[in-house]
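A.B. asks: Contents are compact mmCIF, C-alpha atoms; file name query_18.txt:
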```txt
# COMPACT_ATOMS: atom_id res chain seq x y z
CA MET A 1335 0.00 0.00 0.00
CA SER A 1336 1.38 3.40 -0.97
CA SER A 1337 2.08 6.04 1.69
CA ARG A 1338 -0.66 8.31 0.26
CA LYS A 1339 -3.38 5.63 0.50
CA ARG A 1340 -2.16 4.68 3.98
CA LYS A 1341 -2.60 8.29 5.17
CA GLU A 1342 -6.09 8.50 3.65
CA LYS A 1343 -7.09 5.23 5.33
CA GLU A 1344 -5.75 6.44 8.70
CA ALA A 1345 -7.65 9.73 8.37
CA SER A 1346 -10.94 7.97 7.60
CA SER A 1347 -10.52 5.49 10.42
CA SER A 1348 -9.74 8.24 12.95
CA GLY A 1349 -13.08 9.93 12.25
CA SER A 1350 -11.62 13.11 10.73
CA LYS A 1351 -14.27 15.51 9.42
CA HIS A 1352 -12.00 16.96 6.73
CA PRO A 1353 -11.50 14.95 3.51
CA PRO A 1354 -8.00 14.74 2.03
CA ARG A 1355 -7.07 17.89 0.06
CA SER A 1356 -6.84 17.45 -3.69
CA ARG A 1357 -3.42 18.16 -5.17
CA ASN A 1358 -4.59 18.50 -8.75
CA LYS A 1359 -7.31 21.17 -8.73
CA TYR A 1360 -8.02 24.30 -6.67
CA ILE A 1361 -11.70 24.75 -5.78
CA ALA A 1362 -12.63 28.32 -4.87
CA PRO A 1363 -14.90 28.80 -1.86
CA PRO A 1364 -18.58 29.48 -2.66
CA GLY A 1365 -19.34 33.11 -3.40
CA THR A 1366 -15.79 33.99 -4.53
CA PRO A 1367 -16.13 36.74 -7.19
CA LYS A 1368 -14.58 36.22 -10.59
CA LYS A 1369 -11.43 38.15 -11.32
CA ARG A 1370 -11.84 41.25 -13.44
CA PRO A 1371 -9.46 43.91 -14.72
CA VAL A 1372 -9.18 46.98 -12.47
CA ILE A 1373 -7.76 50.47 -12.82
CA LEU A 1374 -4.76 51.56 -10.82
CA ARG A 1375 -5.98 53.80 -8.01
CA VAL A 1376 -3.31 55.32 -5.85
CA GLY A 1377 -4.61 57.11 -2.75
CA TYR A 1378 -1.92 59.23 -1.09
CA SER A 1379 -2.23 59.33 2.69
CA GLY A 1380 0.56 61.87 3.06
CA GLU A 1381 3.80 63.09 1.59
CA GLU A 1382 5.57 59.88 2.55
CA GLY A 1383 4.77 56.29 3.25
CA MET A 1384 2.96 53.47 1.52
CA THR A 1385 0.25 54.35 -0.94
CA SER A 1386 -3.00 52.45 -1.08
CA MET A 1387 -5.02 51.43 -4.11
CA GLU A 1388 -8.51 50.26 -4.74
CA GLY A 1389 -10.09 49.01 -7.94
CA GLY A 1390 -13.53 49.62 -9.26
CA ASP A 1391 -15.74 50.53 -12.16
CA ASP A 1392 -15.05 53.72 -14.02
CA ARG A 1393 -16.26 55.49 -17.13
CA ARG A 1394 -12.83 54.94 -18.69
CA SER A 1395 -11.95 51.64 -20.29
CA ASN A 1396 -10.06 49.40 -17.87
CA LYS A 1397 -9.14 46.72 -20.37
CA GLY A 1398 -5.60 45.47 -19.84
CA MET A 1399 -5.14 47.46 -16.62
CA VAL A 1400 -3.94 45.96 -13.33
CA MET A 1401 -4.04 47.03 -9.69
CA VAL A 1402 -0.73 47.38 -7.87
CA MET A 1403 0.55 48.64 -4.52
CA LEU A 1404 3.76 50.59 -4.33
CA ASP A 1405 5.61 53.15 -2.26
CA GLY A 1406 4.59 56.65 -3.34
CA LYS A 1407 8.20 57.83 -3.21
CA LEU A 1408 8.96 55.62 -6.23
CA LEU A 1409 6.99 58.08 -8.34
CA SER A 1410 9.19 61.00 -7.22
CA CYS A 1411 12.75 61.95 -8.02
CA PRO A 1412 15.04 60.75 -5.18
CA ILE A 1413 17.15 63.91 -5.51
CA CYS A 1414 14.60 66.77 -5.53
CA SER A 1415 11.58 64.78 -4.27
CA GLN A 1416 9.42 66.31 -7.01
CA PRO A 1417 6.99 64.09 -8.98
CA LEU A 1418 8.75 62.47 -11.91
CA VAL A 1419 5.83 63.33 -14.17
CA ASP A 1420 6.53 67.07 -13.69
CA HIS A 1421 10.06 66.89 -15.10
CA PRO A 1422 10.21 64.43 -18.02
CA PRO A 1423 11.96 62.52 -19.43
CA ILE A 1424 13.12 60.09 -16.72
CA TYR A 1425 16.75 58.94 -16.69
CA GLN A 1426 18.61 56.13 -14.92
CA CYS A 1427 22.26 55.39 -14.14
CA ASN A 1428 24.09 52.19 -15.07
CA ALA A 1429 22.92 50.62 -11.80
CA GLY A 1430 19.26 51.55 -12.39
CA HIS A 1431 18.87 54.55 -10.04
CA VAL A 1432 16.35 56.96 -11.54
CA ILE A 1433 16.53 60.73 -11.71
CA CYS A 1434 14.36 63.46 -13.25
CA TYR A 1435 15.44 65.53 -16.21
CA SER A 1436 15.92 68.74 -14.19
CA CYS A 1437 18.34 67.10 -11.74
CA ARG A 1438 20.10 65.25 -14.55
CA LYS A 1439 21.11 68.57 -16.15
CA LYS A 1440 22.69 69.82 -12.91
CA LEU A 1441 24.83 66.75 -12.16
CA GLU A 1442 28.22 65.52 -13.30
CA LYS A 1443 28.83 61.97 -14.53
CA HIS A 1444 28.55 60.47 -11.05
CA CYS A 1445 25.24 59.09 -9.80
CA PRO A 1446 24.20 60.85 -6.56
CA SER A 1447 22.55 57.64 -5.32
CA CYS A 1448 25.47 55.22 -5.69
CA SER A 1449 28.36 57.67 -6.40
CA ALA A 1450 29.49 55.50 -9.32
CA LEU A 1451 30.75 56.90 -12.61
CA THR A 1452 27.87 56.49 -15.03
CA VAL A 1453 26.31 57.35 -18.35
CA TYR A 1454 22.68 58.30 -17.94
CA ARG A 1455 20.14 56.66 -20.24
CA ARG A 1456 16.41 57.04 -20.65
CA CYS A 1457 14.25 54.89 -18.35
CA ILE A 1458 11.52 54.08 -20.86
CA SER A 1459 9.72 51.44 -18.77
CA LEU A 1460 9.20 53.71 -15.74
CA GLN A 1461 8.26 56.62 -18.01
CA ASN A 1462 5.53 54.48 -19.58
CA ILE A 1463 4.21 53.51 -16.12
CA VAL A 1464 4.14 57.14 -14.94
CA ASN A 1465 2.43 58.32 -18.13
CA SER A 1466 -0.26 55.62 -18.15
CA ALA A 1467 -1.10 55.39 -14.42
CA THR A 1468 -4.38 56.82 -13.16
CA ILE A 1469 -4.75 58.02 -9.61
CA CYS A 1470 -7.57 58.91 -7.22
CA CYS A 1471 -8.10 62.51 -6.18
CA VAL A 1472 -6.86 63.22 -2.66
CA ASN A 1473 -10.46 64.17 -1.85
CA SER A 1474 -11.87 60.74 -2.78
CA LEU A 1475 -12.77 60.20 0.88
CA TYR A 1476 -15.12 63.18 0.65
CA GLY A 1477 -16.96 62.13 -2.51
CA CYS A 1478 -14.71 62.92 -5.50
CA LYS A 1479 -14.82 60.02 -7.99
CA GLU A 1480 -12.38 61.42 -10.54
CA LEU A 1481 -9.56 59.22 -11.81
CA LEU A 1482 -6.66 61.36 -13.00
CA SER A 1483 -3.35 60.96 -14.68
CA LEU A 1484 -0.40 61.95 -12.52
CA ALA A 1485 0.01 65.05 -14.69
CA GLU A 1486 -3.61 66.10 -14.06
CA LYS A 1487 -3.65 65.45 -10.32
CA LYS A 1488 -2.18 68.71 -8.99
CA ALA A 1489 -4.29 71.04 -11.16
CA HIS A 1490 -7.49 69.13 -10.38
CA GLU A 1491 -6.98 69.09 -6.61
CA GLU A 1492 -6.40 72.86 -6.52
CA THR A 1493 -9.99 73.40 -7.73
CA CYS A 1494 -11.70 70.18 -6.57
CA MET A 1495 -15.15 70.88 -5.14
CA TYR A 1496 -14.91 67.95 -2.70
CA PHE A 1497 -12.41 69.71 -0.42
CA PRO A 1498 -12.42 68.77 3.29
CA CYS A 1499 -14.18 71.08 5.74
CA PHE A 1500 -13.85 71.34 9.50
CA CYS A 1501 -16.34 72.16 12.21
CA PRO A 1502 -16.26 75.80 13.38
CA LYS A 1503 -17.26 74.70 16.87
CA THR A 1504 -14.42 74.72 19.40
CA PHE A 1505 -13.07 71.31 20.45
CA CYS A 1506 -15.03 69.48 17.71
CA ASN A 1507 -12.85 67.20 15.56
CA PHE A 1508 -15.26 66.76 12.63
CA GLN A 1509 -13.75 66.60 9.13
CA GLY A 1510 -15.70 65.94 5.93
CA SER A 1511 -17.16 67.42 2.76
CA LYS A 1512 -19.16 70.65 2.93
CA GLU A 1513 -22.38 68.64 2.52
CA MET A 1514 -21.31 66.44 5.45
CA LEU A 1515 -20.55 69.59 7.45
CA VAL A 1516 -24.12 70.87 7.00
CA GLY A 1517 -25.51 67.57 8.29
CA HIS A 1518 -23.02 67.50 11.14
CA LEU A 1519 -23.93 71.01 12.30
CA ALA A 1520 -27.63 70.15 12.21
CA VAL A 1521 -27.38 66.82 14.05
CA GLU A 1522 -24.55 67.45 16.50
CA HIS A 1523 -24.90 71.19 17.17
CA ASN A 1524 -28.56 71.88 16.37
CA LEU A 1525 -27.66 74.44 13.68
CA ASN A 1526 -30.18 73.99 10.88
CA ALA A 1527 -29.43 75.60 7.53
CA GLU A 1528 -31.48 78.52 6.20
CA ARG A 1529 -31.86 78.96 2.44
CA PHE A 1530 -31.58 82.27 0.56
CA SER A 1531 -31.21 83.72 -2.94
CA TYR A 1532 -28.37 85.92 -4.19
CA ASN A 1533 -29.05 89.66 -4.54
CA LEU A 1534 -32.21 89.48 -2.41
CA ASN A 1535 -32.52 90.76 1.15
CA PHE A 1536 -33.49 88.26 3.82
CA ASN A 1537 -33.89 88.50 7.56
CA ILE A 1538 -31.98 86.66 10.29
CA TYR A 1539 -32.60 86.76 14.03
CA ILE A 1540 -29.52 86.94 16.27
CA SER A 1541 -29.56 86.70 20.05
CA ARG A 1542 -26.83 87.51 22.52
CA LEU A 1543 -26.17 83.77 22.84
CA SER A 1544 -26.09 83.02 19.09
CA LYS A 1545 -22.91 81.43 17.79
CA HIS A 1546 -23.31 80.55 14.11
CA LYS A 1547 -25.92 80.55 11.36
CA VAL A 1548 -25.70 78.19 8.38
CA LEU A 1549 -26.85 79.68 5.04
CA ILE A 1550 -27.24 77.77 1.74
CA SER A 1551 -27.74 79.44 -1.66
CA ASP A 1552 -30.71 78.24 -3.71
CA HIS A 1553 -28.75 79.05 -6.87
CA ASP A 1554 -25.57 76.94 -6.62
CA LYS A 1555 -25.80 75.29 -3.17
CA SER A 1556 -22.83 77.31 -1.89
CA ILE A 1557 -22.60 77.28 1.89
CA PHE A 1558 -21.97 80.28 4.12
CA ILE A 1559 -21.49 80.63 7.86
CA LEU A 1560 -22.70 83.76 9.64
CA LYS A 1561 -20.45 83.99 12.69
CA THR A 1562 -21.32 85.87 15.86
CA ILE A 1563 -18.65 86.36 18.50
CA LYS A 1564 -19.41 88.05 21.79
CA GLN A 1565 -16.92 90.74 22.75
CA GLU A 1566 -16.74 93.22 25.60
CA GLN A 1567 -18.21 96.07 23.56
CA GLY A 1568 -20.87 94.03 21.72
CA ILE A 1569 -21.47 91.20 19.24
CA ALA A 1570 -19.12 90.95 16.24
CA ILE A 1571 -20.94 89.62 13.15
CA SER A 1572 -19.07 88.34 10.09
CA CYS A 1573 -19.87 86.06 7.15
CA VAL A 1574 -17.59 83.57 5.34
CA CYS A 1575 -17.99 81.23 2.38
CA ILE A 1576 -17.12 77.56 2.99
CA ARG A 1577 -14.41 76.84 0.43
CA PRO A 1578 -10.60 76.93 0.27
CA PRO A 1579 -9.07 80.41 0.44
CA ASN A 1580 -7.50 79.94 -3.02
CA PHE A 1581 -10.98 79.72 -4.64
CA TYR A 1582 -11.48 83.17 -6.14
CA GLU A 1583 -14.47 82.64 -8.45
CA PRO A 1584 -17.20 83.41 -7.98
CA ALA A 1585 -16.39 86.22 -5.59
CA PHE A 1586 -18.97 87.31 -3.02
CA SER A 1587 -19.85 90.41 -1.07
CA TRP A 1588 -22.30 90.73 1.77
CA SER A 1589 -24.17 93.50 3.50
CA LEU A 1590 -25.95 93.73 6.84
CA ARG A 1591 -28.40 96.20 8.31
CA VAL A 1592 -29.71 96.14 11.89
CA LEU A 1593 -33.46 96.74 11.65
CA LYS A 1594 -35.26 99.07 14.02
CA THR A 1595 -36.32 97.79 17.41
CA ALA A 1596 -38.30 99.11 20.37
CA LYS A 1597 -35.05 100.53 21.72
CA ARG A 1598 -34.03 102.06 18.40
CA GLY A 1599 -36.54 103.88 16.26
CA GLU A 1600 -34.65 103.66 12.95
CA ASP A 1601 -32.55 101.21 10.98
CA SER A 1602 -28.79 101.36 11.38
CA ASN A 1603 -26.48 102.22 8.51
CA MET A 1604 -25.75 99.37 6.12
CA PHE A 1605 -22.47 97.49 6.57
CA LYS A 1606 -20.87 96.15 3.35
CA SER A 1607 -17.77 94.02 2.82
CA ARG A 1608 -16.07 91.53 0.50
CA MET A 1609 -16.45 88.01 1.78
CA ALA A 1610 -13.56 85.79 2.88
CA SER A 1611 -13.35 82.04 2.25
CA THR A 1612 -12.34 79.34 4.72
CA THR A 1613 -12.64 75.62 5.46
CA PHE A 1614 -12.02 76.20 9.19
CA GLU A 1615 -8.92 73.99 8.94
CA ASP A 1616 -7.13 76.42 11.25
CA GLY A 1617 -10.16 76.98 13.44
CA VAL A 1618 -12.35 80.06 13.70
CA LYS A 1619 -10.32 83.21 13.21
CA ASN A 1620 -11.34 86.68 14.25
CA ASP A 1621 -9.44 88.45 11.47
CA GLN A 1622 -12.40 88.68 9.06
CA VAL A 1623 -14.00 92.08 8.61
CA SER A 1624 -17.03 92.21 10.90
CA LEU A 1625 -19.73 94.53 12.15
CA LEU A 1626 -19.72 95.20 15.89
CA VAL A 1627 -23.29 95.55 17.18
CA PRO A 1628 -23.43 97.16 20.67
CA LEU A 1629 -25.08 95.03 23.33
CA GLU A 1630 -27.59 97.80 24.15
CA MET A 1631 -29.13 97.32 20.68
CA PHE A 1632 -30.15 93.76 21.56
CA PRO A 1633 -33.54 93.29 23.23
CA SER A 1634 -33.51 91.99 26.78
CA VAL A 1635 -35.77 89.14 25.67
CA GLY A 1636 -35.73 87.57 22.24
CA ALA A 1637 -33.40 88.23 19.32
CA LEU A 1638 -32.21 91.12 17.18
CA LYS A 1639 -33.57 91.27 13.64
CA VAL A 1640 -30.97 91.95 10.94
CA GLU A 1641 -31.27 92.19 7.18
CA ILE A 1642 -28.62 90.45 5.06
CA CYS A 1643 -27.87 90.36 1.35
CA ILE A 1644 -25.22 88.19 -0.33
CA LYS A 1645 -24.17 88.99 -3.91
CA GLU A 1646 -21.91 87.48 -6.56
CA VAL A 1647 -19.41 90.09 -7.72
CA SER A 1648 -16.74 90.28 -10.39
CA VAL A 1649 -13.17 89.48 -9.38
```
Just give me the structure of the file as structure tokens.
C.D. replies:
Amino acid sequence: MSSRKRKEKEASSSGSKHPPRSRNKYIAPPGTPKKRPVILRVGYSGEEGMTSMEGGDDRRSNKGMVMVMLDGKLLSCPICSQPLVDHPPIYQCNAGHVICYSCRKKLEKHCPSCSALTVYRRCISLQNIVNSATICCVNSLYGCKELLSLAEKKAHEETCMYFPCFCPKTFCNFQGSKEMLVGHLAVEHNLNAERFSYNLNFNIYISRLSKHKVLISDHDKSIFILKTIKQEQGIAISCVCIRPPNFYEPAFSWSLRVLKTAKRGEDSNMFKSRMASTTFEDGVKNDQVSLLVPLEMFPSVGALKVEICIKEVSV
């Protein structure tokens, strides 16, 4: 009797619940999905470290593509740390160390990585990988589904509408898209959004204890925060647009008028200002232009009625 049959006989006689494993054919577990081609998706978690990828459906053709995982630094020049795609073509020394074109022009015949005397040659294979790779936007966690070439990534992310926003409330660690921020403020801080239209006056009620008001445009769904900060002389009121500071278009201005109350028989003069932009990444700052409303203008009971108008203006 062969050793294989002897082992099978011993296993059956010992009451084992597991049949002998076949050596000739692999049987996939039930429910295992069939393999399909995927697009390279590189999600940078920071300037350094391992990059992560995920595959999925996309409007682009993914025929012949594969998913890989690699260190993000391999896509940058080891000398200047700039992306290789920004300074083509890519070169390599005799030992295979790569270098971008800009650094190659500044160096002698010695490789800065291995110090060996070398003759630089084009690295065609890595150049083809860099040129053909597609990468996720850094804001993919906040809803952006764009797949970009490495050359497109920087320009797209500078104007991506899925930028991360932060909660203006002190000691709150929320981070998410601007749509997530609106939901967060409503659920966690009881700050429900009020809708308005550009170029039309609308009224807001502000009390001495008010902190923030959330405003959403009916036209383009832009989000604004009306901030109120209590100071010794009164309540400072300012308005900011929720977007990165480098977003310049469209530009906005806003105006505010304190309407007459029982204590004051006439409306106050109108306050007008260009509007700043922020994501609250650095917290709530008090450097925005604001209107200081004296405390004596506020009613002892209830809230102060103010008239606001937000306009789109030319840059």
A.B. asks: Between CA of Leu1441 (chain A) and CA of Asp1420 (chain A), what distance in Å does the model show, to one decimal?
C.D. replies: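 Computing it gives 18.4 Å between the two atoms.
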A.B. asks: Please report the interatomic distance between CA of Cys1573 (chain A) and CA of Leu1593 (chain A) in Å with one decimal.
C.D. replies: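 Computed distance, CA of Cys1573 (chain A) to CA of Leu1593 (chain A), equals 17.9 Å.
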A.B. asks: Please return, as a PyMOL selection string, all polymer residues that have at least one atom within 10 Å of the point (-22.5, 88.6, 0.6); use only C-alpha atoms and the file's own coordinate frame.
C.D. replies: chain A and resi 1532-1533+1558+1573-1575+1585-1590+1606-1610+1642-1647
A.B. asks: Counting only C-alpha atoms, I want the residues whose atoms come within 12 Å of (-35.2, 80.0, 3.9) in the file frame, returned as a list in words.
C.D. replies: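 Protein and nucleic acid residues near the point are Asn1526, Ala1527, Glu1528, Arg1529, Phe1530, Ser1531, Leu1534, Asn1535, Phe1536, Asn1537, Ile1538, Lys1547, Val1548, Leu1549, Ile1550, Ser1551 and Asp1552 of chain A.
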A.B. asks: In Å to one decimal, how far is CA of Leu1482 (chain A) from CA of Val1432 (chain A)?
C.D. replies: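 So the two atoms, CA of Val1432 (chain A) and CA of Leu1482 (chain A), lie 23.5 Å apart.
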A.B. asks: Using all atoms listed in the file, which of the listed residues (A:Tyr1539, A:Phe1497, A:Tyr1435, A:Tyr1425) sits closest to Gly1636 (chain A)?
C.D. replies: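 So, comparing all the options, the nearest one is A:Tyr1539.
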A.B. asks: Identify which of the residues A:Cys1434, A:Tyr1476, A:Val1592, A:Ile1563 lies closest to Pro1412 (chain A), counting all atoms listed in the file when measuring atom-to-atom distances.
C.D. replies: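 Closest candidate: A:Cys1434.
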